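Trainee: Dropping a structure here in structure tokens format, bear with me for questions.
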Amino acid sequence: MSKTSDPLSVEEDQEQERGDRRKESQVSVKVLESHSDGVTAVRLCFSDSRVLSSSSDHTAILWDAERCMPLKVFDGVHGAVISEFTLIPNSNRMVTVSWDKKMAAWDLETGQTLWTSSSAGLLTSCCASSDGRLVCAADLQNSVYISDAASGQMLHNISDHHHSTITRCRFDPQNQRVATVSADRTIKLWDLLANKTTVAINSTHGNVVSNCCFTSNGHFLCTASWDKTLKLWDLQSGQFRSHGGTTLQKAHEGSVSSCSFSSDAKLLVSGSYDRTVALWDTSTLCRTLSLKGHGDWVTDVSVSANRMLVASASKDRTVRLWNTEDKEELPEVTDKQKSQGTRIHILKCEDCGNSFSVSRPQTSELLTNCVFCRLKSPPRYRPQPPTLT
């Protein structure tokens, strides 16, 4: 088993990264500044007109995305880092979890606390079910709690769920299972009806699995790791049992902290302790753009419904809103395509009928299926991400 490394480590590429960081990406960006300590989580919400953030300063803030102004500050409840929050669907409520072992529900309009509950350990993550009925939370003592979102009443306490710290918990879109990832490098799916773990995966990541996210249909799970890579797992077909996950790599020089799919799963965004945000085309499994400008670790990312806005949170105390609408026209993107002798080709998947793009002329002659259909039935040829410099 390989040694767990410092998540900040970028090894021999550190000096080059420091030089690059002085040049901001050629993408329109807004900077939201009000937190007095590192920002731990961020979400675009309310039709992408608002931004929510939480921080190590014990507060959460609701922002106006257009004016970059705080609309409401949620404080006075937590006495330690707010590690994450979750929006309750079909409501104006959110739930926050903290290192003070408390979980709290808030009214986003009034700023009032609706309920609080306590756990045995420091809380690291939380997530609401898509129907707004349940909230799951995880703590440093490897337990998962499933509670009623309206009252905070605990319904399930899953103890000793992993062998090491649970870093992230997520409901699947069908509200049938809770996915957890851990410092023990495993992925587990807890079935709410069977009341037991039905899937346990050795991720083969070379370090802590730091984050995970589902596609909106629940067919695929993405995991992020301190080993500087991300992996895609086909949960629908179960091919991970024989083929493992599909690795996305060579985009980050530091540990990957976060990941988020767009609602149509065409875009994957990742954040890293190398202070960058990466955009991935899921049809080619290639990085299309790297966003630079944060002065410290990127801790979380979020994508707008139309894929044209990316939000990132950072230990540098800021939230950044990146306008990626015209990213295909950026010199960084076009120059990369030219240097590789590439152009974007739009093809139609023979299996599902959806359009997908390929970035190399030779792949357009060989590929007939989109990445999701290829993951279900691996073809004779699978393009590899190009070497990035």
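FYI, nothing fancy with the structure tokens labels: chains A, B, ... in order, residues from 1 per chain, ligands from 1 as they appear.
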Using only C-alpha atoms, find each residue in stretch 263-302 of chain A having at least one atom no more than 6 Å away from stretch 37-61 of chain A; report its shortest atom-to-atom pair and that distance in Å (one decimal), rows by chain then rising number, as a Markdown table.

Mentor:
```
| residue | atom | partner | partner_atom | distance |
| --- | --- | --- | --- | --- |
| A:Thr299 | CA | A:Thr40 | CA | 5.8 |
| A:Asp300 | CA | A:Ala41 | CA | 5.2 |
| A:Ser302 | CA | A:Arg43 | CA | 5.4 |
```

Trainee: What's the 8 Å shell around A:Val95, counting only C-alpha atoms, without same-chain residues fewer than 4 positions away, as a VMD selection string?

Mentor: chain A and resid 85 to 88 103 to 106 126

Trainee: Find the spatial neighbours of A:Gly76, counting only C-alpha atoms, within a cut-off of 10 Å - ignore same-chain residues fewer than 2 positions away - and output them as JSON, numbers by chain.

Mentor: {"A": [58, 59, 73, 74, 78, 79, 113]}

Trainee: When you count only C-alpha atoms, which of these residues is closest to A:Ala265: A:Trp280, A:Phe240, A:Trp233, A:Trp99?

Mentor: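 The closest residue to A:Ala265 is A:Trp280.
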
Trainee: Rounded to one decimal in Å, what is the spacing between atom CA of A:Asn157 and atom CA of A:Ala200?

Mentor: 18.4 Å

Trainee: Within 12 Å of A:Arg241, counting only C-alpha atoms, which residues qualify if same-chain residues fewer than 4 places away don't, as a list in words?

Mentor: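 Once the nearby chain positions are removed, what remains is Val199, Ala200, Ile201, Asn202, Ser203, Trp233, Asp234, Leu235, Gln236, Ser237 and Gly245 of chain A.
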
Trainee: Generate a file of the selected residues that holds N, CA, C and O atoms, formatted as an mmCIF file, in the first residue's frame.

Mentor:
```cif
data_model
loop_
_atom_site.group_PDB
_atom_site.id
_atom_site.type_symbol
_atom_site.label_atom_id
_atom_site.label_comp_id
_atom_site.auth_asym_id
_atom_site.auth_seq_id
_atom_site.Cartn_x
_atom_site.Cartn_y
_atom_site.Cartn_z
ATOM 1 N N VAL A 199 -22.792 -2.387 -1.930
ATOM 2 C CA VAL A 199 -21.647 -2.283 -2.843
ATOM 3 C C VAL A 199 -20.459 -1.731 -2.058
ATOM 4 O O VAL A 199 -20.582 -0.714 -1.373
ATOM 5 N N ALA A 200 -19.325 -2.406 -2.154
ATOM 6 C CA ALA A 200 -18.066 -1.927 -1.564
ATOM 7 C C ALA A 200 -16.985 -2.059 -2.629
ATOM 8 O O ALA A 200 -16.783 -3.133 -3.189
ATOM 9 N N ILE A 201 -16.309 -0.965 -2.929
ATOM 10 C CA ILE A 201 -15.332 -0.929 -4.013
ATOM 11 C C ILE A 201 -13.974 -0.516 -3.478
ATOM 12 O O ILE A 201 -13.858 0.505 -2.786
ATOM 13 N N ASN A 202 -12.961 -1.287 -3.782
ATOM 14 C CA ASN A 202 -11.585 -0.849 -3.563
ATOM 15 C C ASN A 202 -11.232 0.044 -4.733
ATOM 16 O O ASN A 202 -11.066 -0.416 -5.857
ATOM 17 N N SER A 203 -11.131 1.333 -4.485
ATOM 18 C CA SER A 203 -11.013 2.300 -5.580
ATOM 19 C C SER A 203 -9.713 2.199 -6.355
ATOM 20 O O SER A 203 -9.618 2.701 -7.472
ATOM 21 N N TRP A 233 -16.940 5.720 -12.375
ATOM 22 C CA TRP A 233 -17.393 4.365 -12.056
ATOM 23 C C TRP A 233 -18.776 4.144 -12.647
ATOM 24 O O TRP A 233 -19.710 4.908 -12.368
ATOM 25 N N ASP A 234 -18.909 3.106 -13.469
ATOM 26 C CA ASP A 234 -20.181 2.758 -14.084
ATOM 27 C C ASP A 234 -20.972 1.887 -13.113
ATOM 28 O O ASP A 234 -20.761 0.679 -13.015
ATOM 29 N N LEU A 235 -21.901 2.518 -12.391
ATOM 30 C CA LEU A 235 -22.682 1.795 -11.385
ATOM 31 C C LEU A 235 -23.873 1.071 -11.989
ATOM 32 O O LEU A 235 -24.371 0.103 -11.428
ATOM 33 N N GLN A 236 -24.329 1.546 -13.153
ATOM 34 C CA GLN A 236 -25.506 0.920 -13.761
ATOM 35 C C GLN A 236 -25.205 -0.482 -14.287
ATOM 36 O O GLN A 236 -25.927 -1.432 -14.006
ATOM 37 N N SER A 237 -24.121 -0.598 -15.046
ATOM 38 C CA SER A 237 -23.797 -1.904 -15.632
ATOM 39 C C SER A 237 -22.987 -2.778 -14.682
ATOM 40 O O SER A 237 -22.921 -3.989 -14.856
ATOM 41 N N GLY A 245 -12.447 1.420 -12.372
ATOM 42 C CA GLY A 245 -12.898 2.741 -12.809
ATOM 43 C C GLY A 245 -12.071 3.246 -13.969
ATOM 44 O O GLY A 245 -10.980 2.749 -14.252
#
```

Trainee: Which is closer to A:Cys349 than all the others in A:Ser283, A:Asn175, A:Thr288, A:Ser314, using only C-alpha atoms?

Mentor: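 Result for the nearest residue to A:Cys349: A:Ser283.
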
Trainee: Name the residues of stretch 177-216 of chain A that fall into strand (DSSP E) according to DSSP on the backbone, using the chain letters and numbers of this document, as a VMD selection string.

Mentor: chain A and resid 177 to 182 186 to 191 196 to 202 209 to 214

Trainee: Go through A:Gln112, A:Thr284, A:Ser304, A:Gln174 and flag the residue nearest A:Val77, using only C-alpha atoms for the distances.

Mentor: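 Nearest to A:Val77: A:Gln112.
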
Trainee: Please provide as a list in words all residues within 7 Å of stretch 149-155 of chain A, with the sequence filter that same-chain residues fewer than 3 positions apart are discarded (counting only C-alpha atoms).

Mentor: Trp115, Thr116, Ser117, Gly132, Arg133, Leu134, Val135, Tyr145 and Ile146 of chain A

Trainee: Could you save those same residues with all heavy atoms as a PDB file, in the first residue's frame?

Mentor:
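Wrote it out as selection29.pdb, contents follow:
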```
ATOM      1  N   TRP A 115     -33.709  23.927  13.444  1.00  0.00           N
ATOM      2  CA  TRP A 115     -33.402  22.880  14.414  1.00  0.00           C
ATOM      3  C   TRP A 115     -31.897  22.629  14.424  1.00  0.00           C
ATOM      4  O   TRP A 115     -31.193  22.998  13.484  1.00  0.00           O
ATOM      5  CB  TRP A 115     -34.145  21.572  14.123  1.00  0.00           C
ATOM      6  CG  TRP A 115     -33.989  20.985  12.737  1.00  0.00           C
ATOM      7  CD1 TRP A 115     -34.867  21.069  11.703  1.00  0.00           C
ATOM      8  CD2 TRP A 115     -32.884  20.209  12.247  1.00  0.00           C
ATOM      9  NE1 TRP A 115     -34.386  20.420  10.592  1.00  0.00           N
ATOM     10  CE2 TRP A 115     -33.176  19.863  10.903  1.00  0.00           C
ATOM     11  CE3 TRP A 115     -31.681  19.775  12.792  1.00  0.00           C
ATOM     12  CZ2 TRP A 115     -32.311  19.114  10.105  1.00  0.00           C
ATOM     13  CZ3 TRP A 115     -30.811  19.026  11.996  1.00  0.00           C
ATOM     14  CH2 TRP A 115     -31.136  18.711  10.680  1.00  0.00           C
ATOM     15  N   THR A 116     -31.425  22.037  15.501  1.00  0.00           N
ATOM     16  CA  THR A 116     -30.024  21.614  15.599  1.00  0.00           C
ATOM     17  C   THR A 116     -29.990  20.209  16.185  1.00  0.00           C
ATOM     18  O   THR A 116     -30.905  19.801  16.912  1.00  0.00           O
ATOM     19  CB  THR A 116     -29.191  22.550  16.492  1.00  0.00           C
ATOM     20  OG1 THR A 116     -29.719  22.539  17.818  1.00  0.00           O
ATOM     21  CG2 THR A 116     -29.177  23.967  15.942  1.00  0.00           C
ATOM     22  N   SER A 117     -28.940  19.476  15.866  1.00  0.00           N
ATOM     23  CA  SER A 117     -28.726  18.152  16.466  1.00  0.00           C
ATOM     24  C   SER A 117     -27.234  17.959  16.662  1.00  0.00           C
ATOM     25  O   SER A 117     -26.419  18.644  16.037  1.00  0.00           O
ATOM     26  CB  SER A 117     -29.298  17.046  15.575  1.00  0.00           C
ATOM     27  OG  SER A 117     -28.601  16.984  14.347  1.00  0.00           O
ATOM     28  N   GLY A 132     -35.988  15.950  -0.819  1.00  0.00           N
ATOM     29  CA  GLY A 132     -35.997  16.873   0.310  1.00  0.00           C
ATOM     30  C   GLY A 132     -36.421  16.280   1.632  1.00  0.00           C
ATOM     31  O   GLY A 132     -36.584  17.002   2.615  1.00  0.00           O
ATOM     32  N   ARG A 133     -36.586  14.955   1.698  1.00  0.00           N
ATOM     33  CA  ARG A 133     -37.076  14.324   2.927  1.00  0.00           C
ATOM     34  C   ARG A 133     -35.976  13.980   3.926  1.00  0.00           C
ATOM     35  O   ARG A 133     -36.200  13.997   5.137  1.00  0.00           O
ATOM     36  CB  ARG A 133     -37.860  13.056   2.577  1.00  0.00           C
ATOM     37  CG  ARG A 133     -39.150  13.291   1.823  1.00  0.00           C
ATOM     38  CD  ARG A 133     -39.832  11.983   1.464  1.00  0.00           C
ATOM     39  NE  ARG A 133     -40.044  11.158   2.650  1.00  0.00           N
ATOM     40  CZ  ARG A 133     -39.387  10.017   2.887  1.00  0.00           C
ATOM     41  NH1 ARG A 133     -38.469   9.583   2.031  1.00  0.00           N
ATOM     42  NH2 ARG A 133     -39.638   9.326   3.987  1.00  0.00           N
ATOM     43  N   LEU A 134     -34.784  13.649   3.416  1.00  0.00           N
ATOM     44  CA  LEU A 134     -33.723  13.133   4.277  1.00  0.00           C
ATOM     45  C   LEU A 134     -32.438  13.945   4.136  1.00  0.00           C
ATOM     46  O   LEU A 134     -32.190  14.582   3.107  1.00  0.00           O
ATOM     47  CB  LEU A 134     -33.427  11.671   3.932  1.00  0.00           C
ATOM     48  CG  LEU A 134     -34.591  10.677   4.020  1.00  0.00           C
ATOM     49  CD1 LEU A 134     -34.155   9.317   3.498  1.00  0.00           C
ATOM     50  CD2 LEU A 134     -35.099  10.572   5.461  1.00  0.00           C
ATOM     51  N   VAL A 135     -31.634  13.882   5.191  1.00  0.00           N
ATOM     52  CA  VAL A 135     -30.286  14.459   5.170  1.00  0.00           C
ATOM     53  C   VAL A 135     -29.327  13.412   5.721  1.00  0.00           C
ATOM     54  O   VAL A 135     -29.609  12.798   6.767  1.00  0.00           O
ATOM     55  CB  VAL A 135     -30.193  15.743   6.024  1.00  0.00           C
ATOM     56  CG1 VAL A 135     -28.748  16.236   6.079  1.00  0.00           C
ATOM     57  CG2 VAL A 135     -31.087  16.833   5.468  1.00  0.00           C
ATOM     58  N   TYR A 145     -24.886   9.357   9.549  1.00  0.00           N
ATOM     59  CA  TYR A 145     -26.185   9.613  10.170  1.00  0.00           C
ATOM     60  C   TYR A 145     -27.190   9.970   9.079  1.00  0.00           C
ATOM     61  O   TYR A 145     -26.898  10.775   8.194  1.00  0.00           O
ATOM     62  CB  TYR A 145     -26.091  10.774  11.166  1.00  0.00           C
ATOM     63  CG  TYR A 145     -24.994  10.627  12.183  1.00  0.00           C
ATOM     64  CD1 TYR A 145     -23.747  11.220  11.985  1.00  0.00           C
ATOM     65  CD2 TYR A 145     -25.190   9.893  13.355  1.00  0.00           C
ATOM     66  CE1 TYR A 145     -22.726  11.081  12.916  1.00  0.00           C
ATOM     67  CE2 TYR A 145     -24.178   9.759  14.297  1.00  0.00           C
ATOM     68  CZ  TYR A 145     -22.944  10.354  14.071  1.00  0.00           C
ATOM     69  OH  TYR A 145     -21.935  10.217  14.991  1.00  0.00           O
ATOM     70  N   ILE A 146     -28.363   9.374   9.147  1.00  0.00           N
ATOM     71  CA  ILE A 146     -29.445   9.724   8.232  1.00  0.00           C
ATOM     72  C   ILE A 146     -30.593  10.262   9.072  1.00  0.00           C
ATOM     73  O   ILE A 146     -31.097   9.591   9.982  1.00  0.00           O
ATOM     74  CB  ILE A 146     -29.882   8.514   7.396  1.00  0.00           C
ATOM     75  CG1 ILE A 146     -28.696   8.029   6.557  1.00  0.00           C
ATOM     76  CG2 ILE A 146     -31.062   8.879   6.492  1.00  0.00           C
ATOM     77  CD1 ILE A 146     -28.950   6.763   5.781  1.00  0.00           C
TER      78      ILE A 146
END
```

Trainee: Quick one: distance from atom CA of A:Leu108 to atom CA of A:Leu71 in Å, one decimal?

Mentor: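 Separation of atom CA of A:Leu108 and atom CA of A:Leu71: 10.0 Å.
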
Trainee: Check stretch 189-266 of chain A with DSSP on the backbone and list each residue it calls helix (DSSP H, G or I), as a PyMOL selection string.

Mentor: chain A and resi 240-243

Trainee: Let's have the selection written as a CSV table (one decimal), in the first residue's frame, with N, CA, C and O atoms.

Mentor:
```
chain,number,residue,atom,x,y,z
A,240,PHE,N,-17.5,-1.9,-13.2
A,240,PHE,CA,-16.4,-1.7,-12.3
A,240,PHE,C,-15.9,-2.9,-11.6
A,240,PHE,O,-14.7,-3.0,-11.2
A,241,ARG,N,-16.8,-3.9,-11.5
A,241,ARG,CA,-16.4,-5.2,-10.8
A,241,ARG,C,-15.3,-5.9,-11.5
A,241,ARG,O,-14.5,-6.6,-10.9
A,242,SER,N,-15.3,-5.8,-12.8
A,242,SER,CA,-14.3,-6.5,-13.6
A,242,SER,C,-13.2,-5.6,-14.2
A,242,SER,O,-12.1,-5.9,-14.5
A,243,HIS,N,-13.7,-4.3,-14.5
A,243,HIS,CA,-12.8,-3.4,-15.2
A,243,HIS,C,-12.3,-2.2,-14.4
A,243,HIS,O,-11.4,-1.5,-14.8
```

Trainee: Give me the residues near A:Leu189 as an MDAnalysis selection string, where near means some atom within 6 Å (using only C-alpha atoms) and where sequence neighbours in that chain fewer than 3 positions away do not count.

Mentor: chainID A and resid 177:179 197 199

Trainee: What does the distance from atom CA of A:Gly295 to atom CA of A:Thr318 come to in Å, to one decimal?

Mentor: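 A separation of 9.1 Å between them.
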
Trainee: Which residue out of A:Phe220, A:Phe261, A:Trp190, A:Trp322 has the minimum interatomic distance to A:His294 when only C-alpha atoms are used?

Mentor: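 The closest residue to A:His294 is A:Trp322.
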
Trainee: Neighbours of A:Asp296 within 12 Å (only C-alpha atoms; same-chain residues fewer than 6 positions away dropped), as a ChimeraX atom specification?

Mentor: /A:8,17-18,21,37-39,254,271-277,312-319
